[in-house]
file entry-v2.cif (mmCIF, C-alpha atoms)
data_data
#
loop_
_atom_site.label_atom_id
_atom_site.label_comp_id
_atom_site.auth_asym_id
_atom_site.auth_seq_id
_atom_site.Cartn_x
_atom_site.Cartn_y
_atom_site.Cartn_z
CA MET W 1 0.83 -4.46 46.10
CA LYS W 2 0.50 -7.17 43.44
CA GLU W 3 3.32 -9.70 43.45
CA ARG W 4 5.26 -9.94 40.22
CA ILE W 5 5.21 -13.41 38.65
CA SER W 6 8.51 -14.76 37.33
CA MET W 7 8.65 -16.19 33.81
CA ASN W 8 9.21 -19.66 35.24
CA ASP W 9 6.10 -19.44 37.43
CA ARG W 10 4.05 -17.64 34.82
CA TRP W 11 4.26 -20.47 32.32
CA LYS W 12 3.50 -23.31 34.71
CA SER W 13 0.06 -24.29 33.58
CA ASP W 14 -2.06 -27.10 32.34
CA VAL W 15 -1.25 -26.15 28.74
CA GLN W 16 0.80 -28.91 27.13
CA LEU W 17 2.11 -29.69 23.66
CA ARG W 18 2.35 -33.09 22.01
CA ASP W 19 2.82 -34.38 18.49
CA VAL W 20 -0.23 -34.05 16.26
CA SER W 21 -2.05 -37.33 15.67
CA GLU W 22 -4.62 -38.21 13.02
CA GLU W 23 -7.23 -38.40 15.80
CA ASP W 24 -6.78 -34.63 16.34
CA LEU W 25 -7.82 -33.74 12.79
CA PRO W 26 -11.61 -33.89 13.24
CA ILE W 27 -11.25 -31.55 16.23
CA PHE W 28 -9.07 -29.13 14.24
CA PHE W 29 -11.60 -29.29 11.39
CA GLU W 30 -14.51 -28.50 13.70
CA GLN W 31 -12.60 -25.58 15.23
CA GLN W 32 -11.87 -24.00 11.87
CA LEU W 33 -15.52 -24.09 10.83
CA ASP W 34 -16.36 -21.10 13.05
CA PRO W 35 -16.97 -18.07 10.77
CA SER W 36 -15.84 -15.50 13.35
CA ALA W 37 -12.60 -17.42 13.98
CA ASN W 38 -11.94 -17.47 10.24
CA ASP W 39 -12.66 -13.75 10.04
CA LYS W 40 -10.23 -13.06 12.89
CA ALA W 41 -7.50 -15.21 11.33
CA ALA W 42 -8.27 -13.66 7.91
CA PHE W 43 -5.88 -15.80 5.86
CA THR W 44 -7.67 -19.12 5.70
CA VAL W 45 -8.74 -21.61 3.06
CA LYS W 46 -11.42 -20.64 0.58
CA ASP W 47 -13.97 -23.15 1.89
CA PRO W 48 -13.37 -24.18 5.53
CA SER W 49 -16.22 -26.72 5.30
CA ASP W 50 -14.42 -28.82 2.64
CA TRP W 51 -13.19 -31.90 4.55
CA GLU W 52 -11.32 -33.26 1.51
CA VAL W 53 -9.22 -30.10 1.11
CA PHE W 54 -8.66 -29.97 4.88
CA SER W 55 -7.61 -33.62 5.22
CA THR W 56 -5.37 -33.48 2.12
CA HIS W 57 -3.65 -30.40 3.54
CA TRP W 58 -3.13 -32.05 6.93
CA ARG W 59 -1.88 -35.32 5.39
CA GLN W 60 0.80 -33.24 3.64
CA ILE W 61 1.69 -31.49 6.90
CA LEU W 62 1.86 -34.77 8.84
CA SER W 63 4.11 -36.39 6.22
CA ASP W 64 6.52 -33.42 6.04
CA GLU W 65 9.34 -33.96 8.53
CA ALA W 66 10.58 -30.40 7.97
CA ILE W 67 7.42 -29.07 9.67
CA THR W 68 7.28 -29.11 13.46
CA LYS W 69 3.63 -29.56 14.40
CA LYS W 70 2.17 -29.85 17.86
CA THR W 71 -1.29 -30.27 19.29
CA ILE W 72 -2.13 -27.83 22.08
CA LEU W 73 -3.81 -29.42 25.09
CA LEU W 74 -5.49 -27.82 28.09
CA GLU W 75 -5.99 -30.24 30.95
CA GLY W 76 -5.76 -33.05 28.39
CA ILE W 77 -8.34 -31.54 26.00
CA VAL W 78 -7.33 -30.68 22.41
CA VAL W 79 -7.72 -26.90 22.08
CA GLY W 80 -5.67 -26.16 18.96
CA HIS W 81 -2.40 -26.61 17.13
CA ILE W 82 0.89 -24.80 16.55
CA SER W 83 3.55 -25.30 13.90
CA ASN W 84 6.88 -24.15 12.50
CA PHE W 85 7.32 -24.28 8.73
CA LYS W 86 8.94 -22.48 5.82
CA GLN W 87 6.91 -19.60 4.36
CA PHE W 88 8.24 -17.05 1.85
CA ASP W 89 11.75 -18.57 2.28
CA GLN W 90 11.68 -17.86 6.03
CA GLN W 91 11.06 -20.04 9.06
CA ALA W 92 7.60 -19.15 10.37
CA VAL W 93 5.29 -20.02 13.22
CA SER W 94 1.52 -20.25 13.19
CA TYR W 95 -1.14 -21.37 15.65
CA TRP W 96 -4.87 -21.90 15.92
CA ILE W 97 -6.90 -22.01 19.12
CA GLY W 98 -10.55 -23.10 19.08
CA LYS W 99 -12.76 -20.06 19.69
CA GLN W 100 -14.28 -21.50 22.87
CA TYR W 101 -10.76 -21.34 24.41
CA TRP W 102 -9.92 -17.73 23.48
CA ASN W 103 -9.01 -15.09 26.06
CA ARG W 104 -7.58 -17.53 28.57
CA GLY W 105 -3.85 -17.10 27.85
CA ILE W 106 -3.64 -20.49 26.16
CA ALA W 107 -2.08 -19.25 22.91
CA THR W 108 0.58 -17.29 24.79
CA GLN W 109 1.45 -20.27 27.00
CA ALA W 110 1.51 -22.65 24.04
CA LEU W 111 3.70 -20.35 21.94
CA PHE W 112 6.09 -19.78 24.83
CA LYS W 113 6.48 -23.55 25.31
CA PHE W 114 6.77 -24.11 21.56
CA LEU W 115 9.56 -21.53 21.28
CA ASN W 116 11.50 -23.39 23.96
CA HIS W 117 11.18 -26.50 21.77
CA VAL W 118 11.83 -24.89 18.36
CA LYS W 119 15.22 -23.19 18.53
CA THR W 120 15.23 -21.85 14.95
CA ARG W 121 15.98 -18.12 14.84
CA PRO W 122 15.11 -15.84 13.32
CA LEU W 123 11.49 -16.95 13.34
CA TYR W 124 8.71 -15.01 11.64
CA ALA W 125 4.96 -14.70 12.12
CA ARG W 126 2.16 -12.83 10.39
CA ALA W 127 -1.08 -11.47 11.78
CA ALA W 128 -3.86 -9.33 10.38
CA LYS W 129 -3.41 -5.79 11.67
CA ASP W 130 -6.81 -5.90 13.36
CA ASN W 131 -6.13 -9.22 15.10
CA LEU W 132 -5.00 -7.50 18.28
CA ALA W 133 -5.19 -10.64 20.42
CA SER W 134 -2.78 -12.53 18.18
CA LEU W 135 -0.46 -9.56 17.97
CA ARG W 136 -0.39 -9.40 21.79
CA VAL W 137 0.41 -13.12 22.00
CA LEU W 138 3.33 -12.74 19.60
CA GLU W 139 4.68 -9.63 21.31
CA LYS W 140 4.43 -11.24 24.79
CA CYS W 141 6.59 -14.06 23.44
CA GLY W 142 9.26 -11.69 22.14
CA PHE W 143 8.23 -11.06 18.54
CA SER W 144 8.53 -7.52 17.18
CA ILE W 145 6.76 -5.93 14.22
CA ILE W 146 9.31 -5.44 11.43
CA ASP W 147 7.20 -4.85 8.33
CA GLU W 148 3.74 -4.72 6.79
CA ASP W 149 2.12 -6.58 3.93
CA LYS W 150 -1.32 -7.23 2.55
CA GLY W 151 -3.01 -10.11 0.85
CA PHE W 152 -6.38 -11.41 -0.16
CA SER W 153 -8.38 -12.85 2.72
CA ASN W 154 -10.61 -15.77 1.74
CA ALA W 155 -12.49 -15.41 5.03
CA ARG W 156 -13.29 -11.73 4.48
CA GLY W 157 -13.40 -11.63 0.68
CA VAL W 158 -11.19 -8.52 0.57
CA GLU W 159 -7.54 -7.56 0.72
CA VAL W 160 -6.36 -7.37 4.34
CA GLU W 161 -3.36 -5.57 5.81
CA GLU W 162 -1.07 -7.60 8.05
CA TYR W 163 2.01 -7.18 10.18
CA ILE W 164 5.12 -9.27 9.77
CA LEU W 165 6.78 -10.03 13.09
CA LYS W 166 10.20 -11.44 13.89
CA LEU W 167 11.81 -13.21 16.82
CA GLY W 168 15.57 -13.36 16.82
CA ALA W 169 18.60 -11.38 15.80
CA ALA W 170 17.89 -7.95 14.29
CA THR W 171 18.49 -7.47 10.58
#
call {"tool": "encode", "arguments": {"input": "entry-v2.cif", "output": "structure tokens"}}
result
Amino acid sequence: MKERISMNDRWKSDVQLRDVSEEDLPIFFEQQLDPSANDKAAFTVKDPSDWEVFSTHWRQILSDEAITKKTILLEGIVVGHISNFKQFDQQAVSYWIGKQYWNRGIATQALFKFLNHVKTRPLYARAAKDNLASLRVLEKCGFSIIDEDKGFSNARGVEVEEYILKLGAAT
């Protein structure tokens, strides 16, 4: 019989969070250049290869004290980022994991740790309906689907359906 892992044991890992530094930006930029990662995320910038747009966007994020932004590390290596910000007049969470680190539970561990740091509730997230991995991450961390929406995906060049998820008190 397989032993059940407690939540405390389950989240003990080499995944850590720290404040984003300017030195992380070239790594984030390189990660978001992957076409299949952009397709999976769906809602990305029009031209992921435009360093000027990328760096301007991140300078704004870094200077905004209302945004909680963390670098995700695995065994000391930068593997992605996670943030809490206001979107559509609601507090939201978003994350990005470099494709070479997918399917290892890193996003789930990072989000779980982030949610222990960011106490804002309710907290919302959005994911393309076909991004099953991201939906699983959010649901494992307590988010529930509450609505649907759709919007134009720069990465796919078409309108894409998405789920809106919520963590916190029911409406």
call {"tool": "closest_residue", "arguments": {"input": "entry-v2.cif", "among": "W:Asn103, W:Phe54, W:Lys129, W:Gln31", "to": "Glu159 of chain W", "atoms": "only C-alpha atoms"}}
result
W:Lys129
call {"tool": "residues_near_point", "arguments": {"input": "entry-v2.cif", "point": "(-1.2, -8.0, 21.0)", "cutoff": "12 Å", "atoms": "only C-alpha atoms", "output": "list of chain:residue names"}}
result
W:Asn103, W:Gly105, W:Ala107, W:Thr108, W:Ala127, W:Ala128, W:Lys129, W:Asp130, W:Asn131, W:Leu132, W:Ala133, W:Ser134, W:Leu135, W:Arg136, W:Val137, W:Leu138, W:Glu139, W:Lys140, W:Cys141, W:Gly142, W:Phe143, W:Ser144, W:Ile145, W:Tyr163, W:Leu165
call {"tool": "write_last_selection", "arguments": {"input": "entry-v2.cif", "atoms": "C-alpha atoms", "output": "PDB file, in the coordinates of the input"}}
result
ATOM      1  CA  ASN W 103      -9.010 -15.090  26.060  1.00  0.00           C
ATOM      2  CA  GLY W 105      -3.850 -17.100  27.850  1.00  0.00           C
ATOM      3  CA  ALA W 107      -2.080 -19.250  22.910  1.00  0.00           C
ATOM      4  CA  THR W 108       0.580 -17.290  24.790  1.00  0.00           C
ATOM      5  CA  ALA W 127      -1.080 -11.470  11.780  1.00  0.00           C
ATOM      6  CA  ALA W 128      -3.860  -9.330  10.380  1.00  0.00           C
ATOM      7  CA  LYS W 129      -3.410  -5.790  11.670  1.00  0.00           C
ATOM      8  CA  ASP W 130      -6.810  -5.900  13.360  1.00  0.00           C
ATOM      9  CA  ASN W 131      -6.130  -9.220  15.100  1.00  0.00           C
ATOM     10  CA  LEU W 132      -5.000  -7.500  18.280  1.00  0.00           C
ATOM     11  CA  ALA W 133      -5.190 -10.640  20.420  1.00  0.00           C
ATOM     12  CA  SER W 134      -2.780 -12.530  18.180  1.00  0.00           C
ATOM     13  CA  LEU W 135      -0.460  -9.560  17.970  1.00  0.00           C
ATOM     14  CA  ARG W 136      -0.390  -9.400  21.790  1.00  0.00           C
ATOM     15  CA  VAL W 137       0.410 -13.120  22.000  1.00  0.00           C
ATOM     16  CA  LEU W 138       3.330 -12.740  19.600  1.00  0.00           C
ATOM     17  CA  GLU W 139       4.680  -9.630  21.310  1.00  0.00           C
ATOM     18  CA  LYS W 140       4.430 -11.240  24.790  1.00  0.00           C
ATOM     19  CA  CYS W 141       6.590 -14.060  23.440  1.00  0.00           C
ATOM     20  CA  GLY W 142       9.260 -11.690  22.140  1.00  0.00           C
ATOM     21  CA  PHE W 143       8.230 -11.060  18.540  1.00  0.00           C
ATOM     22  CA  SER W 144       8.530  -7.520  17.180  1.00  0.00           C
ATOM     23  CA  ILE W 145       6.760  -5.930  14.220  1.00  0.00           C
ATOM     24  CA  TYR W 163       2.010  -7.180  10.180  1.00  0.00           C
ATOM     25  CA  LEU W 165       6.780 -10.030  13.090  1.00  0.00           C
TER      26      LEU W 165
END
call {"tool": "resolve_selection", "arguments": {"input": "entry-v2.cif", "expression": "the PyMOL selection byres ((chain W and resi 110-117) around 12)", "output": "count of residues only"}}
result
56
call {"tool": "atom_distance", "arguments": {"input": "entry-v2.cif", "atom1": "atom CA of Asp34 of chain W", "atom2": "atom CA of Pro48 of chain W"}}
result
8.7 Å
call {"tool": "closest_residue", "arguments": {"input": "entry-v2.cif", "among": "W:Thr44, W:Asn38, W:Ser153, W:Ser49", "to": "Pro26 of chain W", "atoms": "all atoms listed in the file"}}
result
W:Ser49
